[in-house]
Each structure stands twice: as C-alpha cells, then as structure tokens.
>>> print(open('input_27.txt').read())   # compact mmCIF, C-alpha atoms
# COMPACT_ATOMS: atom_id res chain seq x y z
CA MET A 1 89.40 69.16 133.07
CA GLY A 2 92.91 70.45 133.78
CA ARG A 3 93.94 73.97 132.90
CA GLY A 4 96.24 72.64 130.18
CA HIS A 5 93.20 71.21 128.37
CA GLN A 6 90.82 74.14 128.78
CA THR A 7 89.10 75.45 125.69
CA LEU A 8 89.56 79.07 124.74
CA GLN A 9 85.96 79.79 125.73
CA GLU A 10 86.58 78.31 129.19
CA ARG A 11 89.71 80.41 129.63
CA VAL A 12 87.88 83.59 128.65
CA LYS A 13 84.98 82.78 131.00
CA GLU A 14 87.42 82.16 133.84
CA ARG A 15 88.81 85.67 133.44
CA ARG A 16 85.41 87.35 133.21
CA SER A 17 85.82 89.14 136.53
CA SER A 18 89.00 90.85 135.31
CA LEU A 19 87.17 92.03 132.20
CA GLU A 20 84.28 93.38 134.25
CA SER A 21 86.74 95.22 136.48
CA LEU A 22 88.38 96.80 133.45
CA VAL A 23 85.07 97.90 131.94
CA GLY A 24 83.70 99.16 135.25
CA ASP A 25 86.70 101.37 136.05
CA PHE A 26 88.03 102.02 132.57
CA SER A 27 88.91 105.70 133.05
CA ARG A 28 91.14 104.89 136.03
CA PHE A 29 93.01 102.26 134.05
CA VAL A 30 93.51 104.67 131.15
CA HIS A 31 94.86 107.30 133.56
CA SER A 32 97.22 104.72 135.07
CA PHE A 33 98.44 103.73 131.61
CA ASP A 34 99.07 107.34 130.61
CA ALA A 35 100.91 108.05 133.87
CA ASN A 36 103.10 104.98 133.42
CA ARG A 37 104.57 106.25 130.12
CA GLN A 38 106.00 102.84 129.35
CA PHE A 39 105.97 103.42 125.60
CA GLY A 40 107.68 106.22 123.71
CA GLY A 41 110.31 106.99 121.10
CA PRO A 42 109.93 105.54 117.57
CA SER A 43 107.08 103.20 118.57
CA VAL A 44 104.82 106.15 119.45
CA TYR A 45 106.20 108.55 116.84
CA PHE A 46 105.57 106.28 113.85
CA HIS A 47 102.25 105.08 115.28
CA LEU A 48 100.98 108.67 115.40
CA LYS A 49 102.35 109.36 111.92
CA THR A 50 100.43 106.35 110.60
CA ILE A 51 97.19 107.46 112.25
CA GLU A 52 97.71 110.99 110.87
CA ALA A 53 98.24 109.54 107.37
CA LEU A 54 95.00 107.57 107.72
CA ALA A 55 93.13 110.68 108.86
CA ARG A 56 94.00 112.45 105.61
CA HIS A 57 91.67 110.07 103.78
CA PRO A 58 87.87 110.04 103.91
CA THR A 59 87.77 106.24 104.36
CA ALA A 60 90.04 103.34 105.16
CA VAL A 61 89.60 101.97 101.65
CA ASP A 62 90.80 105.29 100.23
CA ALA A 63 93.96 105.03 102.37
CA LEU A 64 94.81 101.70 100.74
CA GLY A 65 96.05 103.60 97.70
CA ASP A 66 98.44 105.75 99.74
CA ASP A 67 102.01 104.43 99.70
CA ALA A 68 103.01 106.96 102.39
CA PHE A 69 100.44 105.41 104.75
CA PHE A 70 102.05 102.02 104.26
CA ASP A 71 105.55 103.46 104.69
CA TYR A 72 104.57 104.77 108.11
CA LEU A 73 102.75 101.53 108.95
CA TYR A 74 105.82 99.49 108.03
CA ALA A 75 108.02 101.68 110.24
CA THR A 76 105.51 101.39 113.09
CA LEU A 77 105.39 97.60 112.95
CA ALA A 78 109.19 97.40 112.93
CA SER A 79 109.44 99.74 115.92
CA TRP A 80 106.78 97.65 117.71
CA GLY A 81 109.14 94.67 117.61
CA LEU A 82 107.79 92.79 114.59
CA HIS A 83 111.09 92.88 112.69
CA ARG A 84 114.34 91.91 114.35
CA MET A 85 117.68 91.16 112.80
CA GLY A 86 119.20 87.70 112.97
CA PRO A 87 118.04 84.15 112.28
CA GLY A 88 114.94 82.88 114.02
CA ASN A 89 113.65 86.28 115.03
CA ALA A 90 110.36 87.96 114.09
CA LYS A 91 110.35 89.27 110.54
CA LEU A 92 108.07 91.47 108.48
CA ARG A 93 107.25 90.43 104.96
CA ASP A 94 108.35 92.60 102.04
CA ILE A 95 106.35 95.82 102.01
CA ASP A 96 104.98 95.18 98.52
CA GLU A 97 103.56 91.83 99.67
CA LEU A 98 102.05 93.51 102.73
CA LYS A 99 100.43 96.26 100.64
CA ALA A 100 99.06 93.80 98.09
CA SER A 101 97.44 91.68 100.81
CA PHE A 102 95.69 94.73 102.28
CA ARG A 103 94.50 95.96 98.92
CA ALA A 104 93.13 92.52 98.06
CA GLN A 105 90.78 92.86 101.05
CA ALA A 106 89.35 96.23 99.99
CA SER A 107 85.79 94.94 99.50
CA LYS A 108 85.66 93.35 102.97
CA ILE A 109 87.33 96.39 104.57
CA GLU A 110 84.66 98.58 103.00
CA GLN A 111 81.97 96.53 104.77
CA VAL A 112 83.33 97.36 108.23
CA GLN A 113 85.27 100.61 107.82
CA GLN A 114 82.58 102.78 109.44
CA LEU A 115 82.08 100.56 112.50
CA GLN A 116 83.23 101.27 116.06
CA ILE A 117 83.79 98.39 118.46
CA ASP A 118 81.95 100.12 121.33
CA GLN A 119 78.91 100.90 119.19
CA LEU A 120 78.26 97.56 117.51
CA ASP A 121 74.71 96.28 117.31
CA PRO A 122 74.78 93.06 119.41
CA ARG A 123 72.84 91.35 116.63
CA LYS A 124 75.66 92.10 114.20
CA VAL A 125 78.62 91.05 116.34
CA SER A 126 78.98 87.54 114.86
CA GLU A 127 78.73 88.87 111.31
CA VAL A 128 81.30 91.61 111.95
CA ALA A 129 83.61 89.15 113.72
CA GLU A 130 83.46 86.77 110.77
CA THR A 131 84.30 89.55 108.31
CA THR A 132 87.18 90.92 110.38
CA TRP A 133 88.61 87.43 110.93
CA ALA A 134 88.47 86.84 107.17
CA ILE A 135 90.40 90.08 106.59
CA MET A 136 92.96 89.35 109.29
CA ALA A 137 93.56 85.77 108.16
CA SER A 138 94.30 86.96 104.63
CA LEU A 139 96.85 89.65 105.47
CA ARG A 140 100.53 88.96 104.78
CA VAL A 141 102.32 90.91 107.49
CA GLY A 142 104.81 88.78 109.37
CA ILE A 143 106.85 85.66 108.80
CA GLY A 144 106.47 83.06 111.52
CA GLN A 145 103.74 81.88 113.84
CA THR A 146 102.45 85.19 115.17
CA LEU A 147 99.49 85.82 112.86
CA LEU A 148 97.09 87.21 115.46
CA VAL A 149 99.70 89.54 116.93
CA ALA A 150 101.23 90.83 113.68
CA ASN A 151 98.00 91.10 111.70
CA SER A 152 95.96 92.76 114.45
CA LYS A 153 98.69 95.37 115.01
CA ALA A 154 98.73 96.13 111.29
CA LEU A 155 94.95 96.17 110.79
CA HIS A 156 94.48 98.37 113.87
CA HIS A 157 96.13 101.22 111.97
CA LEU A 158 93.58 100.98 109.16
CA LEU A 159 90.54 100.31 111.37
CA PRO A 160 91.56 101.89 114.71
CA GLY A 161 88.01 102.16 116.02
CA LEU A 162 87.22 98.50 115.40
CA ILE A 163 90.37 96.37 115.70
CA PRO A 164 92.55 96.65 118.80
CA PRO A 165 96.24 95.79 118.56
CA ILE A 166 96.82 92.44 120.24
CA ASP A 167 100.08 91.39 121.85
CA ARG A 168 101.24 88.41 123.86
CA ASN A 169 102.29 89.91 127.18
CA TYR A 170 99.33 92.23 127.76
CA THR A 171 96.27 91.41 125.66
CA LEU A 172 96.48 87.62 125.47
CA ARG A 173 97.59 87.19 129.08
CA PHE A 174 94.68 89.38 130.20
CA PHE A 175 91.97 87.66 128.16
CA VAL A 176 93.13 84.01 128.07
CA GLY A 177 95.71 83.78 130.84
CA ARG A 178 98.67 82.86 128.66
CA PRO A 179 100.71 84.56 125.92
CA TYR A 180 99.45 82.50 123.00
CA ILE A 181 96.42 80.78 121.54
CA TYR A 182 96.97 77.26 120.29
CA ARG A 183 94.93 76.44 117.22
CA GLY A 184 95.23 72.71 116.83
CA PRO A 185 93.42 70.55 114.25
CA GLY A 186 89.69 71.13 114.41
CA ARG A 187 89.93 73.87 117.06
CA ARG A 188 88.43 77.30 116.72
CA LEU A 189 89.63 80.60 118.13
CA LEU A 190 86.14 81.89 118.76
CA PRO A 191 82.61 80.57 118.34
CA GLY A 192 81.64 80.44 114.70
CA PRO A 193 83.65 79.70 111.57
CA LEU A 194 87.28 80.77 111.36
CA PRO A 195 88.65 81.26 107.83
CA PRO A 196 91.63 79.08 106.92
CA VAL A 197 95.04 80.70 107.05
CA PRO A 198 96.76 80.93 103.64
CA GLY A 199 99.46 78.28 103.53
CA ASP A 200 98.31 76.73 106.83
CA ARG A 201 99.75 73.26 107.27
CA GLY A 202 98.72 72.46 110.80
CA PRO A 203 98.74 73.77 114.37
CA VAL A 204 100.03 77.28 114.81
CA LEU A 205 100.33 79.82 117.58
CA TRP A 206 98.13 82.81 116.94
>>> encode(input="input_27.txt", output="structure tokens")
Amino acid sequence: MGRGHQTLQERVKERRSSLESLVGDFSRFVHSFDANRQFGGPSVYFHLKTIEALARHPTAVDALGDDAFFDYLYATLASWGLHRMGPGNAKLRDIDELKASFRAQASKIEQVQQLQIDQLDPRKVSEVAETTWAIMASLRVGIGQTLLVANSKALHHLLPGLIPPIDRNYTLRFFVGRPYIYRGPGRRLLPGPLPPVPGDRGPVLW
C-alpha cells in the first residue's frame, strides 16, 4: 500500500520510533524547547493569563461561568493565529457562540476535569478518549476546516493536564507525518467511535 493510501493507524505506527525517542529523553527536548524561545509576545502573555484565570476556579466546570476566562481565551486563540483578517483566512466564531458551546458540554467536562494524561488508567483510555472527542467535536471555535487544531487549542486551556494543543506544523507532522488528517466517508481518526461533527457534510481536514 502506498504512503498516500496509508491509514492513520499505519502512519502512527510508522512513526513509533520518534515517539519512543521523545518519551525516553523528554527532559532534554523540553530544555531544547525552552532554550529556543521561538514563542513569545502576545501568544505567551494571553496564554498565561488564560491559565491564571482558570487557576482561580476550583474546577474547570466552575470556570465555564467566568466571562473573563473566555475573554483571555479568545485573545489567546487570536494571537495563536486562529483569526486573521481578510477573505479565506482562519476565523474565530463569535465569542458568545464559543462560550455557549463550551457551557453546553459542562456535564461531559465534569467527567474528565480531574484527569491527567500521564496518569490515566490504561483500562480507561478508550472511555476517556471517547468523552474528550465528544466534547471537542461539539465545540464551536473556528470557521473553516481546522476543527482538530482550533478545538484542541481552545480545550487545552480548560483541561491543560489532559488535552494538549494540536497544530499542523509540529504535532500532526510529528505523529502522522503530514500537516493534516483526512477524514473521508467512513474513516475514523482513531480506533473506536468518533462523534459526528455538527453540520458535517462530508470529508474535512481535521
């Protein structure tokens, strides 16, 4: 089977050695990232402000009622490149629509808000993955075909210990070897059921 027709699982398996290298020497990679100082300015400032706003609440669900938290989140997402002026560029949805979509997922967020990705019971991974996918697929963050990128970056700020922010050039290239995941008819992103995307009318790039 040619690389162009590989399944997502085959692509991930192919890059297993890179993942093992990352896990095995994680502290060195973190040090290298910190020394590189590639990110700064508004993207870091508003990110830290959002995390600080979250920390003022006892739980993630409690933070859902805080408009200031969402103000900082909205500014963070814009500074992370999810809203650009001009036709055809990435756009954020109206902040009220974004807030409403988060608040509608309060019951599911409550189920996973205490979990940490590095401390998950292996027997619970599939269940947690299904719940987090259901949350992510229901969020209304960006306009366009960047659901995985936009929604993971937003949800990371509410569940920072469980959901990593995913981008095209770093995360997706590292794990699947290309800057997108094609979800054609009948395809799945990961083993197990994937909730439908609201308004989905066919293949999209996650």
>>> atom_distance(input="input_27.txt", atom1="CA of Ser152 in chain A", atom2="CA of Ile166 in chain A")
5.9 Å
>>> closest_residue(input="input_27.txt", among="A:Gly81, A:Ala75, A:His57, A:Pro87", to="Leu158 in chain A", atoms="only C-alpha atoms")
A:His57
>>> residues_around(input="input_27.txt", residues="Glu97 in chain A", least_positions_apart="6", cutoff="12 Å", atoms="all atoms listed in the file", output="PyMOL selection string")
chain A and resi 70+74+103-104+138-143
>>> residues_around(input="input_27.txt", residues="Ile109 in chain A", least_positions_apart="4", cutoff="12 Å", atoms="only C-alpha atoms", output="PyMOL selection string")
chain A and resi 59-64+101-105+113-115+128+131-136+138-139+155-156+158-159+162-163
>>> residues_near_point(input="input_27.txt", point="(99.3, 86.9, 124.1)", cutoff="12 Å", atoms="all atoms listed in the file", output="PyMOL selection string")
chain A and resi 146-150+152+165-182+205-206
>>> residues_around(input="input_27.txt", residues="Phe46 in chain A", least_positions_apart="4", cutoff="12 Å", atoms="all atoms listed in the file", output="NGL selection string")
:A and (40-42 or 50-53 or 68-80 or 157)
>>> atom_distance(input="input_27.txt", atom1="CA of Ala90 in chain A", atom2="CA of Gly144 in chain A")
6.8 Å
>>> atom_distance(input="input_27.txt", atom1="CA of Phe39 in chain A", atom2="CA of Asp118 in chain A")
24.6 Å
>>> decode(input="input_27.txt", residues="range 120-169 of chain A", atoms="N, CA and C atoms", output="PDB file, in the first residue's frame")
ATOM      1  N   LEU A 120      -3.390   8.373  33.403  1.00  0.00           N
ATOM      2  CA  LEU A 120      -4.611   7.659  33.058  1.00  0.00           C
ATOM      3  C   LEU A 120      -4.457   6.158  33.291  1.00  0.00           C
ATOM      4  N   ASP A 121      -5.493   5.560  33.830  1.00  0.00           N
ATOM      5  CA  ASP A 121      -5.562   4.111  33.942  1.00  0.00           C
ATOM      6  C   ASP A 121      -5.683   3.552  32.517  1.00  0.00           C
ATOM      7  N   PRO A 122      -4.764   2.687  32.079  1.00  0.00           N
ATOM      8  CA  PRO A 122      -4.833   2.144  30.720  1.00  0.00           C
ATOM      9  C   PRO A 122      -6.191   1.538  30.372  1.00  0.00           C
ATOM     10  N   ARG A 123      -6.889   1.034  31.384  1.00  0.00           N
ATOM     11  CA  ARG A 123      -8.194   0.435  31.142  1.00  0.00           C
ATOM     12  C   ARG A 123      -9.262   1.474  30.840  1.00  0.00           C
ATOM     13  N   LYS A 124      -8.950   2.744  31.141  1.00  0.00           N
ATOM     14  CA  LYS A 124      -9.928   3.812  30.957  1.00  0.00           C
ATOM     15  C   LYS A 124      -9.626   4.691  29.737  1.00  0.00           C
ATOM     16  N   VAL A 125      -8.532   4.405  29.044  1.00  0.00           N
ATOM     17  CA  VAL A 125      -8.104   5.286  27.958  1.00  0.00           C
ATOM     18  C   VAL A 125      -9.172   5.424  26.873  1.00  0.00           C
ATOM     19  N   SER A 126      -9.758   4.308  26.434  1.00  0.00           N
ATOM     20  CA  SER A 126     -10.765   4.363  25.369  1.00  0.00           C
ATOM     21  C   SER A 126     -11.981   5.168  25.802  1.00  0.00           C
ATOM     22  N   GLU A 127     -12.397   4.966  27.039  1.00  0.00           N
ATOM     23  CA  GLU A 127     -13.562   5.692  27.564  1.00  0.00           C
ATOM     24  C   GLU A 127     -13.284   7.187  27.641  1.00  0.00           C
ATOM     25  N   VAL A 128     -12.099   7.544  28.145  1.00  0.00           N
ATOM     26  CA  VAL A 128     -11.732   8.961  28.242  1.00  0.00           C
ATOM     27  C   VAL A 128     -11.592   9.571  26.850  1.00  0.00           C
ATOM     28  N   ALA A 129     -10.988   8.826  25.928  1.00  0.00           N
ATOM     29  CA  ALA A 129     -10.832   9.324  24.559  1.00  0.00           C
ATOM     30  C   ALA A 129     -12.189   9.597  23.917  1.00  0.00           C
ATOM     31  N   GLU A 130     -13.137   8.702  24.135  1.00  0.00           N
ATOM     32  CA  GLU A 130     -14.467   8.882  23.554  1.00  0.00           C
ATOM     33  C   GLU A 130     -15.145  10.132  24.124  1.00  0.00           C
ATOM     34  N   THR A 131     -15.010  10.342  25.427  1.00  0.00           N
ATOM     35  CA  THR A 131     -15.622  11.513  26.050  1.00  0.00           C
ATOM     36  C   THR A 131     -14.983  12.806  25.557  1.00  0.00           C
ATOM     37  N   THR A 132     -13.644  12.824  25.496  1.00  0.00           N
ATOM     38  CA  THR A 132     -12.965  14.050  25.058  1.00  0.00           C
ATOM     39  C   THR A 132     -13.220  14.335  23.588  1.00  0.00           C
ATOM     40  N   TRP A 133     -13.304  13.290  22.754  1.00  0.00           N
ATOM     41  CA  TRP A 133     -13.648  13.511  21.353  1.00  0.00           C
ATOM     42  C   TRP A 133     -15.050  14.089  21.234  1.00  0.00           C
ATOM     43  N   ALA A 134     -15.980  13.600  22.047  1.00  0.00           N
ATOM     44  CA  ALA A 134     -17.351  14.108  22.006  1.00  0.00           C
ATOM     45  C   ALA A 134     -17.385  15.590  22.372  1.00  0.00           C
ATOM     46  N   ILE A 135     -16.602  15.978  23.384  1.00  0.00           N
ATOM     47  CA  ILE A 135     -16.521  17.389  23.766  1.00  0.00           C
ATOM     48  C   ILE A 135     -15.940  18.204  22.616  1.00  0.00           C
ATOM     49  N   MET A 136     -14.800  17.746  22.108  1.00  0.00           N
ATOM     50  CA  MET A 136     -14.093  18.514  21.086  1.00  0.00           C
ATOM     51  C   MET A 136     -14.925  18.676  19.817  1.00  0.00           C
ATOM     52  N   ALA A 137     -15.629  17.623  19.423  1.00  0.00           N
ATOM     53  CA  ALA A 137     -16.423  17.677  18.206  1.00  0.00           C
ATOM     54  C   ALA A 137     -17.623  18.606  18.322  1.00  0.00           C
ATOM     55  N   SER A 138     -18.009  18.929  19.554  1.00  0.00           N
ATOM     56  CA  SER A 138     -19.182  19.771  19.771  1.00  0.00           C
ATOM     57  C   SER A 138     -18.843  21.244  19.974  1.00  0.00           C
ATOM     58  N   LEU A 139     -17.569  21.564  20.137  1.00  0.00           N
ATOM     59  CA  LEU A 139     -17.184  22.957  20.366  1.00  0.00           C
ATOM     60  C   LEU A 139     -17.287  23.762  19.080  1.00  0.00           C
ATOM     61  N   ARG A 140     -17.655  25.025  19.226  1.00  0.00           N
ATOM     62  CA  ARG A 140     -17.783  25.945  18.086  1.00  0.00           C
ATOM     63  C   ARG A 140     -16.725  27.025  18.266  1.00  0.00           C
ATOM     64  N   VAL A 141     -15.556  26.757  17.747  1.00  0.00           N
ATOM     65  CA  VAL A 141     -14.410  27.650  17.960  1.00  0.00           C
ATOM     66  C   VAL A 141     -14.040  28.402  16.692  1.00  0.00           C
ATOM     67  N   GLY A 142     -13.716  27.674  15.649  1.00  0.00           N
ATOM     68  CA  GLY A 142     -13.266  28.297  14.413  1.00  0.00           C
ATOM     69  C   GLY A 142     -14.207  28.063  13.263  1.00  0.00           C
ATOM     70  N   ILE A 143     -14.044  28.881  12.233  1.00  0.00           N
ATOM     71  CA  ILE A 143     -14.798  28.734  10.993  1.00  0.00           C
ATOM     72  C   ILE A 143     -13.837  28.208   9.944  1.00  0.00           C
ATOM     73  N   GLY A 144     -14.180  27.106   9.310  1.00  0.00           N
ATOM     74  CA  GLY A 144     -13.291  26.506   8.335  1.00  0.00           C
ATOM     75  C   GLY A 144     -13.017  25.065   8.690  1.00  0.00           C
ATOM     76  N   GLN A 145     -12.074  24.461   8.007  1.00  0.00           N
ATOM     77  CA  GLN A 145     -11.819  23.039   8.157  1.00  0.00           C
ATOM     78  C   GLN A 145     -10.572  22.780   9.009  1.00  0.00           C
ATOM     79  N   THR A 146     -10.586  23.302  10.213  1.00  0.00           N
ATOM     80  CA  THR A 146      -9.446  23.127  11.123  1.00  0.00           C
ATOM     81  C   THR A 146      -9.965  22.737  12.503  1.00  0.00           C
ATOM     82  N   LEU A 147     -10.922  21.835  12.562  1.00  0.00           N
ATOM     83  CA  LEU A 147     -11.584  21.508  13.827  1.00  0.00           C
ATOM     84  C   LEU A 147     -10.622  20.974  14.874  1.00  0.00           C
ATOM     85  N   LEU A 148      -9.775  20.025  14.489  1.00  0.00           N
ATOM     86  CA  LEU A 148      -8.863  19.425  15.468  1.00  0.00           C
ATOM     87  C   LEU A 148      -7.905  20.465  16.024  1.00  0.00           C
ATOM     88  N   VAL A 149      -7.371  21.307  15.153  1.00  0.00           N
ATOM     89  CA  VAL A 149      -6.419  22.329  15.572  1.00  0.00           C
ATOM     90  C   VAL A 149      -7.098  23.370  16.465  1.00  0.00           C
ATOM     91  N   ALA A 150      -8.152  23.985  15.980  1.00  0.00           N
ATOM     92  CA  ALA A 150      -8.811  25.065  16.718  1.00  0.00           C
ATOM     93  C   ALA A 150      -9.404  24.565  18.035  1.00  0.00           C
ATOM     94  N   ASN A 151     -10.097  23.442  17.997  1.00  0.00           N
ATOM     95  CA  ASN A 151     -10.797  22.972  19.184  1.00  0.00           C
ATOM     96  C   ASN A 151      -9.849  22.415  20.240  1.00  0.00           C
ATOM     97  N   SER A 152      -8.767  21.780  19.819  1.00  0.00           N
ATOM     98  CA  SER A 152      -7.804  21.283  20.813  1.00  0.00           C
ATOM     99  C   SER A 152      -7.082  22.442  21.494  1.00  0.00           C
ATOM    100  N   LYS A 153      -6.750  23.494  20.732  1.00  0.00           N
ATOM    101  CA  LYS A 153      -6.088  24.651  21.332  1.00  0.00           C
ATOM    102  C   LYS A 153      -7.003  25.342  22.334  1.00  0.00           C
ATOM    103  N   ALA A 154      -8.288  25.388  22.039  1.00  0.00           N
ATOM    104  CA  ALA A 154      -9.235  26.008  22.963  1.00  0.00           C
ATOM    105  C   ALA A 154      -9.441  25.134  24.199  1.00  0.00           C
ATOM    106  N   LEU A 155      -9.685  23.838  23.992  1.00  0.00           N
ATOM    107  CA  LEU A 155      -9.983  22.945  25.110  1.00  0.00           C
ATOM    108  C   LEU A 155      -8.768  22.744  26.012  1.00  0.00           C
ATOM    109  N   HIS A 156      -7.572  22.855  25.460  1.00  0.00           N
ATOM    110  CA  HIS A 156      -6.353  22.758  26.267  1.00  0.00           C
ATOM    111  C   HIS A 156      -6.369  23.754  27.423  1.00  0.00           C
ATOM    112  N   HIS A 157      -6.923  24.925  27.201  1.00  0.00           N
ATOM    113  CA  HIS A 157      -6.902  25.964  28.230  1.00  0.00           C
ATOM    114  C   HIS A 157      -7.921  25.709  29.344  1.00  0.00           C
ATOM    115  N   LEU A 158      -8.849  24.809  29.105  1.00  0.00           N
ATOM    116  CA  LEU A 158      -9.794  24.421  30.154  1.00  0.00           C
ATOM    117  C   LEU A 158      -9.366  23.129  30.831  1.00  0.00           C
ATOM    118  N   LEU A 159      -8.726  22.239  30.056  1.00  0.00           N
ATOM    119  CA  LEU A 159      -8.254  20.954  30.582  1.00  0.00           C
ATOM    120  C   LEU A 159      -6.768  20.802  30.232  1.00  0.00           C
ATOM    121  N   PRO A 160      -5.914  21.656  30.793  1.00  0.00           N
ATOM    122  CA  PRO A 160      -4.496  21.675  30.383  1.00  0.00           C
ATOM    123  C   PRO A 160      -3.730  20.408  30.723  1.00  0.00           C
ATOM    124  N   GLY A 161      -4.168  19.668  31.715  1.00  0.00           N
ATOM    125  CA  GLY A 161      -3.471  18.440  32.086  1.00  0.00           C
ATOM    126  C   GLY A 161      -3.896  17.239  31.273  1.00  0.00           C
ATOM    127  N   LEU A 162      -4.937  17.387  30.466  1.00  0.00           N
ATOM    128  CA  LEU A 162      -5.481  16.248  29.730  1.00  0.00           C
ATOM    129  C   LEU A 162      -5.408  16.428  28.215  1.00  0.00           C
ATOM    130  N   ILE A 163      -5.678  17.624  27.730  1.00  0.00           N
ATOM    131  CA  ILE A 163      -5.749  17.872  26.287  1.00  0.00           C
ATOM    132  C   ILE A 163      -4.575  18.731  25.839  1.00  0.00           C
ATOM    133  N   PRO A 164      -3.694  18.209  25.019  1.00  0.00           N
ATOM    134  CA  PRO A 164      -2.598  19.038  24.504  1.00  0.00           C
ATOM    135  C   PRO A 164      -3.089  19.880  23.333  1.00  0.00           C
ATOM    136  N   PRO A 165      -2.510  21.057  23.134  1.00  0.00           N
ATOM    137  CA  PRO A 165      -2.853  21.835  21.945  1.00  0.00           C
ATOM    138  C   PRO A 165      -2.215  21.189  20.724  1.00  0.00           C
ATOM    139  N   ILE A 166      -2.989  21.022  19.680  1.00  0.00           N
ATOM    140  CA  ILE A 166      -2.510  20.349  18.474  1.00  0.00           C
ATOM    141  C   ILE A 166      -2.413  21.355  17.333  1.00  0.00           C
ATOM    142  N   ASP A 167      -1.287  21.345  16.636  1.00  0.00           N
ATOM    143  CA  ASP A 167      -1.146  22.213  15.472  1.00  0.00           C
ATOM    144  C   ASP A 167      -0.681  21.375  14.288  1.00  0.00           C
ATOM    145  N   ARG A 168      -0.656  22.018  13.120  1.00  0.00           N
ATOM    146  CA  ARG A 168      -0.316  21.301  11.902  1.00  0.00           C
ATOM    147  C   ARG A 168       1.192  21.042  11.783  1.00  0.00           C
ATOM    148  N   ASN A 169       1.987  22.085  11.968  1.00  0.00           N
ATOM    149  CA  ASN A 169       3.401  22.019  11.630  1.00  0.00           C
ATOM    150  C   ASN A 169       4.247  21.240  12.624  1.00  0.00           C
TER     151      ASN A 169
END
